[in-house]
Structure formats: structure tokens, C-alpha cells
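Asks: One structure, as C-alpha cells, below. Some questions next.
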Amino acid sequence: MTENDSKTVSLVLGSGGARGLAHIGVIKVLEEQGWQIGAIAGSSMGALIGGFYAAGRLDDYTEWVEELSEFNVLRFFDIAWGGAGMLKGEMLMRTLKEFVGEHRIEDLPIPLTIVATDVLTRREVWFDQGNLFDAIRASIAVPMVFTPHNIDGRLLLDGGILNPVPIAPTLRDHTDAVIAVSLSGVEKRIGNASRRQTPEKKPRHRYQQKIEAFIDQLQERLGLADEDDAETPSLSFSESALLSLDAMQASIARCKLAAYPPDLLIEIPINTCAAHEFYRAHEVIDAGEYWARRALARYLNDN
């Protein structure tokens, strides 16, 4: 595709935790191939990536997230004692605000719709105006992980709860095509290796070792320790919550895509990375580029 025949697209960015970093690779490929992003709709990480892109600061975010280590990610986990979620998210959002500053959605150069969920009315909430970071904070509030975000008296959580691939907001756009990126694709491999291999065991920080030892002792005293733990796979509370959300969103995404089929669907395999593995940014972004190139090649051959 050349500059002369470039087309405008409505870009739909789905939810899926750290797999959402693949959206960065997709956007890079679209720009390289001459596509003009005329509008964006996003849920959860799709809202964050779409918001940063619309505000013109995605490159800064990309540079920052690619430098994160596993330990650095843990630094942003501010515990919400007694709240509706394990984390408040204030440290993370304060850091992100330093990159992008204050913006109102209606003033952005690219039309943007951010989807969140009102947990009391059980309805989607679409933000196409108002404070950008308020909308993003609401849309990324993963249930049981982050506390709900209050906007105008509404308690809001992750947009992916009800709409992990928000295509419906793009139906009002005047663009040439709708390209949707789903982060719940079937498990696939790139080349001869899976993009989600079991990471090597890394030396644990001494504080992590002390916390784990304390939990083990507490479980023994309370009689909660499982004698077969060494042989039986187990999940932490956060892993259980994130995997449950993954399964739910994958099912809902299939229904939404059947109801509102886009002109082009780019699927990022669900085994690309776990939802919390933001320290694998570089390879996840590469995966986004890989699957975007393959999908676009098929699309251009068929059209």
C-alpha cells in the first residue's frame, strides 16, 4: 500500500493484560504499511495503548515499558488494604501521568472511545469525552486485582468484563475499514518456538523469600498446607483471578466478533504471555508485529 492509496481505519484494541503490549506492534505495522488510524476504540490495555497513541505519547510509553524488569513491575503494586481489590493502582497511574500529562478525550487529534464496566448497573460505559486518565484508570481496573474507579458516582471496572473487543463504538465512524485486535486468539507458535515458554527460574529477592516463608508457616499453623503441593499444580489468588478473566473474555470476545465482524481481525494468541508479564514487553511487541503482518498480507491478497 502506497501513500496515494492509503486508507483510514477504525482500530479496535482488545483487553488482555500484558498481551495488550502487542497492540504497539500492530500499530507500528499499520503505520509502516501506510494505514491511517482515523478512530480508536479500546478496552482495558487496549484503552491504555489507544489513549497513549491518540495523545501522541505511545513512543515514550513503549521505551519505558520495554525497560521494565520483573522486580520493577512489583514496585508499582501498591496494596489496597481492605478494599475491593488487591491493588489501588495509584503508583502506576501516577507514573503513567508523568508521560502523557492531562488530556480531555474530546480534544485528542484522533477520536477515541474507552470502554469500562459499571458493576452496579451491569452495563458498559463508553467514554468519548472527559478526563483521559480517569477513563483509562476505570477501563484497566481488573476485578479483584485493582480497586474500582469512581467517576460521577459510578463504580467502574475493566471494560473487558462485558466487551473485550469493543467493535460497536466504531459503527458510527466514517472510515474505510474496521481492524480489530483480539488478545484471545487460539494458542499458536511462531517459528519453531512458543512465544510463551516457561521462564527460567530467577533468583528471588530476599524480601520475596521472607514473605513466602511466612505464608508457608502460617498455612502450616492453620492446617491449610497441602501435603501433595509438590506434585499438584497450584495457583495463587491473583493467578486464579487473571486466568478466570482470560477464559471469560475469550468466550465473550467470540460472541462479540460474531455479532460485529470487523473487516480485518488480527488475533494475538492467548499463549503469547501471561496477563501479568509486563516485563516481557519486547517479545510481546514483536509478536504483535508478526501476527499483524500475516493478517494484513492475507487481507491485501483477498482485496
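Residue numbering restarts at 1 for every chain of the C-alpha cells, chains are lettered A, B, ... in their displayed order, and ligands are numbered from 1 as they appear.
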Find the residues around Gly14 in chain A up to 12 Å (only C-alpha atoms counted), leave out those fewer than 3 positions away in its own chain, and share them as a ChimeraX atom specification.
Replies: /A:11,17-23,26,40-50,114-115,139-140,158-167,179-185,246,249-250,252-254,256-257,265-268
Asks: For His174 in chain A, please output as an MDAnalysis selection string all residues within 9 Å (counting only C-alpha atoms; exclusion window: fewer than 4 positions along the same chain).
Replies: chainID A and resid 8:10 38:39 170
Asks: For Asn150 in chain A, please output as a PyMOL selection string all residues within 10 Å (counting only C-alpha atoms; exclusion window: fewer than 2 positions along the same chain).
Replies: chain A and resi 118+134+137-138+147-148+152-157
Asks: For Ile270 in chain A, which residue among A:Gly101, A:Gly56, A:Gly34, A:Gly288 is the nearest when counting only C-alpha atoms?
Replies: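 Residue with the minimum atom-to-atom distance to Ile270 in chain A: A:Gly288.
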Asks: Taking only C-alpha atoms into account, which of A:Ile151, A:Ala247, A:Ala275, A:Leu112 comes nearest Arg172 in chain A?
Replies: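 Of the candidates, the smallest distance to Arg172 in chain A is held by A:Leu112.
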Asks: Distance CA of Asn72 in chain A-CA of Trp291 in chain A, one decimal place?
Replies: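 Interatomic distance, CA of Asn72 in chain A to CA of Trp291 in chain A: 28.1 Å.
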Asks: Which polymer residues have any atom within 9 Å of an atom of Leu108 in chain A, counting only C-alpha atoms, with same-chain residues fewer than 2 positions away left out, as a ChimeraX atom specification?
Replies: /A:51,54-56,103-106,110-112
Asks: Given only C-alpha atoms as the basis, pick out the residue of A:Val12, A:Met144, A:Ile190, A:Leu242 nearest to Thr113 in chain A.
Replies: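 Comparing A:Val12, A:Met144, A:Ile190, A:Leu242 against Thr113 in chain A, the winner is A:Val12.
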Asks: To one decimal place in Å, what is the distance between CA of Ser69 in chain A and CA of Ala292 in chain A?
Replies: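 Computing the Euclidean distance for CA of Ser69 in chain A and CA of Ala292 in chain A yields 25.9 Å.
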Asks: Considering only C-alpha atoms, can you say which of A:Leu30, A:Val142, A:Ile24, A:Met248 comes closest to Arg294 in chain A?
Replies: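 The answer is A:Leu30, which sits nearest to Arg294 in chain A.
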